[in-house]
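Participant: Coordinates in start_27.cif, mmCIF, C-alpha atoms, are listed below.
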data_structure
loop_
_atom_site.group_PDB
_atom_site.id
_atom_site.type_symbol
_atom_site.label_atom_id
_atom_site.label_comp_id
_atom_site.auth_asym_id
_atom_site.auth_seq_id
_atom_site.Cartn_x
_atom_site.Cartn_y
_atom_site.Cartn_z
ATOM 1 C CA VAL A 1 102.488 118.608 117.606
ATOM 2 C CA ILE A 2 99.899 118.198 120.360
ATOM 3 C CA ARG A 3 98.865 121.849 120.257
ATOM 4 C CA LYS A 4 98.565 121.761 116.475
ATOM 5 C CA GLU A 5 96.431 118.622 116.700
ATOM 6 C CA VAL A 6 93.973 120.332 119.084
ATOM 7 C CA TYR A 7 93.151 123.002 116.513
ATOM 8 C CA GLN A 8 93.023 120.547 113.609
ATOM 9 C CA LYS A 9 90.455 118.441 115.467
ATOM 10 C CA PHE A 10 88.482 121.510 116.561
ATOM 11 C CA PHE A 11 88.374 123.011 113.058
ATOM 12 C CA ALA A 12 87.289 119.644 111.648
ATOM 13 C CA LEU A 13 84.434 119.484 114.194
ATOM 14 C CA ALA A 14 83.445 123.162 113.885
ATOM 15 C CA PRO A 15 84.758 124.894 110.735
ATOM 16 C CA ALA A 16 83.142 128.163 111.893
ATOM 17 C CA GLY A 17 85.688 128.204 114.724
ATOM 18 C CA GLN A 18 88.397 129.241 112.259
ATOM 19 C CA ASP A 19 86.781 132.670 112.039
ATOM 20 C CA PHE A 20 87.470 133.248 115.739
ATOM 21 C CA PHE A 21 91.038 131.864 115.871
ATOM 22 C CA LYS A 22 92.748 134.234 113.467
ATOM 23 C CA GLN A 23 95.782 134.751 115.705
ATOM 24 C CA SER A 24 99.330 133.659 115.012
ATOM 25 C CA THR A 25 100.385 130.070 115.602
ATOM 26 C CA THR A 26 102.378 131.224 118.620
ATOM 27 C CA ARG A 27 99.229 132.720 120.170
ATOM 28 C CA LEU A 28 97.198 129.588 119.424
ATOM 29 C CA TYR A 29 99.855 127.451 121.092
ATOM 30 C CA PHE A 30 99.828 129.783 124.102
ATOM 31 C CA ILE A 31 96.046 129.341 124.370
ATOM 32 C CA ALA A 32 96.402 125.542 124.215
ATOM 33 C CA ASP A 33 99.112 125.591 126.898
ATOM 34 C CA LYS A 34 97.001 127.869 129.094
ATOM 35 C CA LEU A 35 94.056 125.544 128.655
ATOM 36 C CA VAL A 36 95.997 122.547 129.972
ATOM 37 C CA ALA A 37 97.254 124.622 132.916
ATOM 38 C CA MET A 38 93.692 125.713 133.693
ATOM 39 C CA THR A 39 92.435 122.130 133.790
ATOM 40 C CA LEU A 40 95.118 121.291 136.348
ATOM 41 C CA ASP A 41 94.557 124.470 138.369
ATOM 42 C CA MET A 42 90.847 123.654 138.539
ATOM 43 C CA TYR A 43 91.798 120.833 140.902
ATOM 44 C CA LYS A 44 94.543 122.728 142.762
ATOM 45 C CA GLU A 45 92.903 126.135 143.290
ATOM 46 C CA PRO A 46 89.205 125.968 142.407
ATOM 47 C CA LYS A 47 88.242 129.285 144.063
ATOM 48 C CA ARG A 48 90.897 131.263 142.186
ATOM 49 C CA MET A 49 89.964 129.514 138.959
ATOM 50 C CA VAL A 50 86.314 130.556 139.284
ATOM 51 C CA GLU A 51 87.476 134.191 139.409
ATOM 52 C CA ASP A 52 89.919 133.719 136.519
ATOM 53 C CA ILE A 53 87.348 131.933 134.362
ATOM 54 C CA SER A 54 84.757 134.641 135.036
ATOM 55 C CA ALA A 55 87.233 137.298 133.908
ATOM 56 C CA LEU A 56 88.109 135.228 130.834
ATOM 57 C CA GLY A 57 84.419 134.787 130.028
ATOM 58 C CA LEU A 58 83.842 138.541 130.123
ATOM 59 C CA ARG A 59 86.704 139.017 127.668
ATOM 60 C CA HIS A 60 85.046 136.417 125.430
ATOM 61 C CA VAL A 61 81.835 138.486 125.582
ATOM 62 C CA GLY A 62 83.809 141.386 124.165
ATOM 63 C CA TYR A 63 85.198 139.194 121.393
ATOM 64 C CA GLY A 64 81.699 138.040 120.426
ATOM 65 C CA ILE A 65 82.543 134.324 120.728
ATOM 66 C CA PRO A 66 79.482 132.073 120.158
ATOM 67 C CA THR A 67 78.957 129.652 123.026
ATOM 68 C CA ASP A 68 78.083 126.785 120.681
ATOM 69 C CA LEU A 69 81.783 126.508 119.751
ATOM 70 C CA PHE A 70 82.817 125.445 123.262
ATOM 71 C CA GLY A 71 81.406 121.919 122.902
ATOM 72 C CA PRO A 72 83.396 121.052 119.757
ATOM 73 C CA PHE A 73 86.518 122.647 121.259
ATOM 74 C CA VAL A 74 86.250 120.467 124.382
ATOM 75 C CA THR A 75 85.608 117.395 122.221
ATOM 76 C CA GLY A 76 88.677 118.125 120.092
ATOM 77 C CA CYS A 77 90.875 118.571 123.163
ATOM 78 C CA VAL A 78 89.630 115.349 124.743
ATOM 79 C CA GLN A 79 90.239 113.439 121.496
ATOM 80 C CA VAL A 80 93.850 114.618 121.486
ATOM 81 C CA ILE A 81 94.349 113.585 125.126
ATOM 82 C CA ARG A 82 92.790 110.199 124.322
ATOM 83 C CA MET A 83 95.513 109.673 121.690
ATOM 84 C CA LEU A 84 98.221 110.438 124.260
ATOM 85 C CA THR A 85 97.233 108.201 127.158
ATOM 86 C CA ASP A 86 95.701 104.849 127.971
ATOM 87 C CA ASP A 87 94.883 105.991 131.508
ATOM 88 C CA ASP A 88 91.086 106.274 131.582
ATOM 89 C CA ALA A 89 91.119 108.106 134.930
ATOM 90 C CA ALA A 90 93.467 110.804 133.607
ATOM 91 C CA GLU A 91 91.372 111.226 130.474
ATOM 92 C CA GLU A 92 88.173 111.460 132.512
ATOM 93 C CA ALA A 93 89.747 113.989 134.913
ATOM 94 C CA PHE A 94 90.837 116.155 131.975
ATOM 95 C CA ARG A 95 87.426 115.880 130.318
ATOM 96 C CA TRP A 96 85.563 116.729 133.532
ATOM 97 C CA SER A 97 87.738 119.741 134.305
ATOM 98 C CA LEU A 98 87.617 121.088 130.755
ATOM 99 C CA SER A 99 83.848 120.547 130.562
ATOM 100 C CA LEU A 100 83.397 122.439 133.827
ATOM 101 C CA ILE A 101 85.496 125.330 132.497
ATOM 102 C CA SER A 102 83.429 125.292 129.306
ATOM 103 C CA ARG A 103 80.136 125.419 131.226
ATOM 104 C CA MET A 104 81.405 128.272 133.399
ATOM 105 C CA LEU A 105 82.542 130.264 130.357
ATOM 106 C CA THR A 106 79.201 129.641 128.658
ATOM 107 C CA ARG A 107 77.305 130.905 131.723
ATOM 108 C CA VAL A 108 79.446 134.052 131.984
ATOM 109 C CA ILE A 109 79.133 134.764 128.266
ATOM 110 C CA ASN A 110 75.355 134.302 128.341
ATOM 111 C CA GLU A 111 74.971 136.545 131.395
ATOM 112 C CA GLY A 112 77.416 139.155 130.108
ATOM 113 C CA SER A 113 76.182 139.341 126.505
ATOM 114 C CA THR A 114 74.044 142.419 126.885
ATOM 115 C CA ILE A 115 72.531 144.328 123.996
ATOM 116 C CA VAL A 116 75.049 147.100 124.658
ATOM 117 C CA MET A 117 77.994 144.690 124.248
ATOM 118 C CA LYS A 118 76.462 143.288 121.069
ATOM 119 C CA ALA A 119 76.238 146.815 119.657
ATOM 120 C CA ILE A 120 79.878 147.436 120.589
ATOM 121 C CA ASN A 121 80.975 144.186 118.924
ATOM 122 C CA VAL A 122 79.539 145.372 115.606
ATOM 123 C CA ASN A 123 80.663 148.987 116.274
ATOM 124 C CA SER A 124 77.233 150.451 115.573
ATOM 125 C CA SER A 125 76.119 153.719 117.165
ATOM 126 C CA LYS A 126 72.592 153.122 115.872
ATOM 127 C CA MET A 127 72.370 149.727 117.602
ATOM 128 C CA LEU A 128 73.888 151.219 120.757
ATOM 129 C CA LYS A 129 71.321 154.029 120.877
ATOM 130 C CA LYS A 130 68.538 151.491 120.384
ATOM 131 C CA ALA A 131 70.019 149.279 123.127
ATOM 132 C CA VAL A 132 70.201 151.999 125.778
ATOM 133 C CA ALA A 133 66.826 153.443 124.777
ATOM 134 C CA CYS A 134 65.116 150.569 126.587
ATOM 135 C CA ALA A 135 67.178 151.026 129.777
ATOM 136 C CA PRO A 136 65.331 152.242 132.864
ATOM 137 C CA ARG A 137 66.071 155.868 133.708
ATOM 138 C CA GLY A 138 68.310 155.149 136.706
ATOM 139 C CA LYS A 139 70.175 152.343 134.925
ATOM 140 C CA ARG A 140 70.953 153.874 131.530
ATOM 141 C CA ALA A 141 74.498 155.017 132.337
ATOM 142 C CA LEU A 142 75.222 151.841 134.294
ATOM 143 C CA TRP A 143 74.388 149.725 131.218
ATOM 144 C CA MET A 144 77.133 151.560 129.320
ATOM 145 C CA LEU A 145 79.705 151.654 132.116
ATOM 146 C CA ASN A 146 79.545 148.313 133.918
ATOM 147 C CA ILE A 147 78.608 144.701 133.284
ATOM 148 C CA GLN A 148 79.020 142.419 136.263
ATOM 149 C CA VAL A 149 78.939 138.633 136.309
ATOM 150 C CA GLY A 150 79.680 137.174 139.713
ATOM 151 C CA THR A 151 82.517 139.191 141.208
ATOM 152 C CA GLN A 152 84.023 140.163 137.847
ATOM 153 C CA SER A 153 83.048 143.215 135.851
ATOM 154 C CA ILE A 154 83.874 144.874 132.554
ATOM 155 C CA SER A 155 83.201 148.391 131.306
ATOM 156 C CA PRO A 156 81.520 148.450 127.885
ATOM 157 C CA LEU A 157 82.895 151.968 127.315
ATOM 158 C CA MET A 158 86.472 150.903 128.070
ATOM 159 C CA TRP A 159 86.048 147.763 125.978
ATOM 160 C CA ALA A 160 84.801 149.826 123.029
ATOM 161 C CA ILE A 161 87.824 152.112 123.268
ATOM 162 C CA GLU A 162 90.353 149.280 123.750
ATOM 163 C CA THR A 163 89.034 147.273 120.795
ATOM 164 C CA GLY A 164 88.769 150.228 118.451
ATOM 165 C CA SER A 165 84.962 150.321 118.305
ATOM 166 C CA LEU A 166 85.167 154.088 118.212
ATOM 167 C CA GLU A 167 81.744 154.679 116.661
ATOM 168 C CA ALA A 168 80.133 152.854 119.593
ATOM 169 C CA ALA A 169 82.454 154.570 122.114
ATOM 170 C CA THR A 170 81.546 157.995 120.705
ATOM 171 C CA ALA A 171 77.847 157.153 120.995
ATOM 172 C CA ILE A 172 78.321 156.061 124.628
ATOM 173 C CA ILE A 173 80.165 159.241 125.567
ATOM 174 C CA ALA A 174 77.588 161.432 123.801
ATOM 175 C CA ASP A 175 74.758 159.618 125.583
ATOM 176 C CA LEU A 176 76.453 159.891 128.982
ATOM 177 C CA LEU A 177 76.949 163.644 128.520
ATOM 178 C CA THR A 178 73.373 164.324 127.395
ATOM 179 C CA ILE A 179 71.226 166.355 129.784
ATOM 180 C CA ARG A 180 67.688 164.959 129.937
ATOM 181 C CA ALA A 181 64.457 166.220 131.463
ATOM 182 C CA ASP A 182 61.118 164.968 132.656
ATOM 183 C CA ARG A 183 58.084 166.790 134.097
ATOM 184 C CA ASP A 184 59.718 167.406 137.459
ATOM 185 C CA ARG A 185 63.347 168.232 136.722
ATOM 186 C CA TYR A 186 66.417 168.042 134.553
ATOM 187 C CA TYR A 187 68.801 165.198 135.153
ATOM 188 C CA TYR A 188 72.228 164.140 133.998
ATOM 189 C CA GLY A 189 74.103 160.849 134.056
ATOM 190 C CA MET A 190 73.114 158.512 136.882
ATOM 191 C CA ASP A 191 70.111 160.496 138.244
#
If you convert what's in this file into structure tokens, what do you get?
Facilitator:
Amino acid sequence: VIRKEVYQKFFALAPAGQDFFKQSTTRLYFIADKLVAMTLDMYKEPKRMVEDISALGLRHVGYGIPTDLFGPFVTGCVQVIRMLTDDDAAEEAFRWSLSLISRMLTRVINEGSTIVMKAINVNSSKMLKKAVACAPRGKRALWMLNIQVGTQSISPLMWAIETGSLEAATAIIADLLTIRADRDRYYYGMD
């Protein structure tokens, strides 16, 4: 009942959120349970949680989740907790921890949302070619192979393959295998 209430409140606050929570009820309940565990772990093991939240944020980059949905989600969760307890300190501790997680996810998503990842999210080879066209010569391949936020990283190429964005993945592979030249020499890949 509690888990169901979280999503009802969130969808009432941000109807656009329904477009991003298209999973089964079981998966939604798992996410709600994980969320509560994360708020507790934020107090128990803050260093590990920073790593875990960074990794989670990078996955959210790949899913194309808008950061403006985090605020209503936190508000909905806090409203549900408020219904369950009269303990103001417990409610405030939950709100603070969840807000901190939300801010961390927002930072990671903003830093990790590169133009290459945006092209992969819409599975567009044209957008991908345009995105890497503005990359500096020595960084072009790196833009398609690694995005790092803090100590966590994600490979746009691997993400494209794993999520079925095969048009974008094909464009990445073709670009990586292209031999280029300038006035002085031919170069390939990371040169």
Participant: Counting all atoms listed in the file, figure out which residue out of A:Gln79, A:Thr163, A:Thr39, A:Asn146 gets nearest to Leu100 in chain A.
Facilitator: A:Thr39
Participant: Could you tell me which residues the PyMOL selection byres ((chain A and resi 3-7) around 10) grabs in this file, written as a list of chain:residue names?
Facilitator: A:Val1, A:Ile2, A:Gln8, A:Lys9, A:Phe10, A:Phe11, A:Ala12, A:Leu13, A:Gly17, A:Gln18, A:Phe21, A:Thr25, A:Leu28, A:Tyr29, A:Phe30, A:Ile31, A:Ala32, A:Asp33, A:Phe73, A:Val74, A:Thr75, A:Gly76, A:Cys77, A:Val78, A:Gln79, A:Val80, A:Ile81
Participant: Please identify all polymer residues lying at most 12 Å from the point (62.8, 154.6, 132.4) (file coordinates), using only C-alpha atoms, and present the result as a tab-separated table (two decimals) with C-alpha atoms, in the coordinates of the input.
Facilitator:
chain	number	residue	atom	x	y	z
A	132	VAL	CA	70.20	152.00	125.78
A	133	ALA	CA	66.83	153.44	124.78
A	134	CYS	CA	65.12	150.57	126.59
A	135	ALA	CA	67.18	151.03	129.78
A	136	PRO	CA	65.33	152.24	132.86
A	137	ARG	CA	66.07	155.87	133.71
A	138	GLY	CA	68.31	155.15	136.71
A	139	LYS	CA	70.18	152.34	134.93
A	140	ARG	CA	70.95	153.87	131.53
A	141	ALA	CA	74.50	155.02	132.34
A	180	ARG	CA	67.69	164.96	129.94
A	181	ALA	CA	64.46	166.22	131.46
A	182	ASP	CA	61.12	164.97	132.66
A	190	MET	CA	73.11	158.51	136.88
A	191	ASP	CA	70.11	160.50	138.24
Participant: Which neighbours of Val50 in chain A fall inside 9 Å, counting all atoms listed in the file, when residues of the same chain fewer than 5 positions from it are skipped, and could you give them as a list of chain:residue names?
Facilitator: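 The residues that qualify are A:Met42, A:Glu45, A:Ala55, A:Ile101, A:Met104.
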Participant: May I have the centre and edge lengths, in Å to one decimal, of an axis-aligned box around the listed atoms of range 70-81 of chain A with 6 Å added to every side, as AutoDock Vina command-line options?
Facilitator:
--center_x 87.9 --center_y 119.4 --center_z 122.4 --size_x 24.9 --size_y 24.0 --size_z 17.4
Participant: For a cut-off of 9 Å around (88.9, 120.7, 133.7), file coordinates, pick out all residues using all atoms listed in the file and list them as a PyMOL selection string.
Facilitator: chain A and resi 35-36+38-43+93-102
Participant: Which residue gives the smallest distance to Met144 in chain A among A:Asp184, A:Glu167, A:Asp175, A:Asp52, with all atoms listed in the file counted?
Facilitator: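 Among A:Asp184, A:Glu167, A:Asp175, A:Asp52, it is A:Asp175 that comes nearest to Met144 in chain A.
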Participant: Suppose you want the space between CA of Gly112 in chain A and CA of Ile154 in chain A; what is it in Å?
Facilitator: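 Those two atoms sit 9.0 Å apart.
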Participant: Please enumerate the residues selected by the PyMOL selection byres ((chain A and resi 125-128) around 9) when evaluated against the supplied file, formatted as a list in words.
Facilitator: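 That expression, the PyMOL selection byres ((chain A and resi 125-128) around 9), corresponds here to Ile115, Val116, Met117, Lys118, Ala119, Ile120, Val122, Asn123, Ser124, Lys129, Lys130, Ala131, Val132, Ala133, Glu167, Ala168, Ala169, Thr170, Ala171 and Ile172 of chain A.
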Participant: Figure out the distance between CA of Leu176 in chain A and CA of Leu142 in chain A, please, to one decimal in Å.
Facilitator: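 CA of Leu142 in chain A sits 9.7 Å away from CA of Leu176 in chain A.
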Participant: Grab the CA of Ile147 in chain A to CA of Ser165 in chain A distance for me, in Å with one decimal place.
Facilitator: 17.2 Å
Participant: Mind completing range 20-32 of chain A with N, CA and C atoms? Output as a tab-separated table (two decimals), in the frame of the given file, please?
Facilitator:
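So the final result, stored in out33.tsv, reads:
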chain	number	residue	atom	x	y	z
A	20	PHE	N	87.19	132.64	114.44
A	20	PHE	CA	87.47	133.25	115.74
A	20	PHE	C	88.89	132.99	116.22
A	21	PHE	N	89.64	132.14	115.53
A	21	PHE	CA	91.04	131.86	115.87
A	21	PHE	C	91.93	132.35	114.73
A	22	LYS	N	91.96	133.65	114.56
A	22	LYS	CA	92.75	134.23	113.47
A	22	LYS	C	94.10	134.75	113.96
A	23	GLN	N	94.51	134.30	115.15
A	23	GLN	CA	95.78	134.75	115.70
A	23	GLN	C	96.94	133.96	115.10
A	24	SER	N	98.13	134.37	115.47
A	24	SER	CA	99.33	133.66	115.01
A	24	SER	C	99.39	132.27	115.64
A	25	THR	N	100.20	131.42	115.06
A	25	THR	CA	100.38	130.07	115.60
A	25	THR	C	100.93	130.13	117.02
A	26	THR	N	101.82	131.07	117.27
A	26	THR	CA	102.38	131.22	118.62
A	26	THR	C	101.27	131.51	119.63
A	27	ARG	N	100.34	132.38	119.27
A	27	ARG	CA	99.23	132.72	120.17
A	27	ARG	C	98.31	131.52	120.36
A	28	LEU	N	98.04	130.78	119.31
A	28	LEU	CA	97.20	129.59	119.42
A	28	LEU	C	97.84	128.56	120.34
A	29	TYR	N	99.15	128.39	120.23
A	29	TYR	CA	99.86	127.45	121.09
A	29	TYR	C	99.82	127.92	122.54
A	30	PHE	N	99.93	129.23	122.75
A	30	PHE	CA	99.83	129.78	124.10
A	30	PHE	C	98.46	129.46	124.70
A	31	ILE	N	97.40	129.63	123.90
A	31	ILE	CA	96.05	129.34	124.37
A	31	ILE	C	95.92	127.86	124.75
A	32	ALA	N	96.46	126.98	123.92
A	32	ALA	CA	96.40	125.54	124.22
A	32	ALA	C	97.17	125.21	125.50
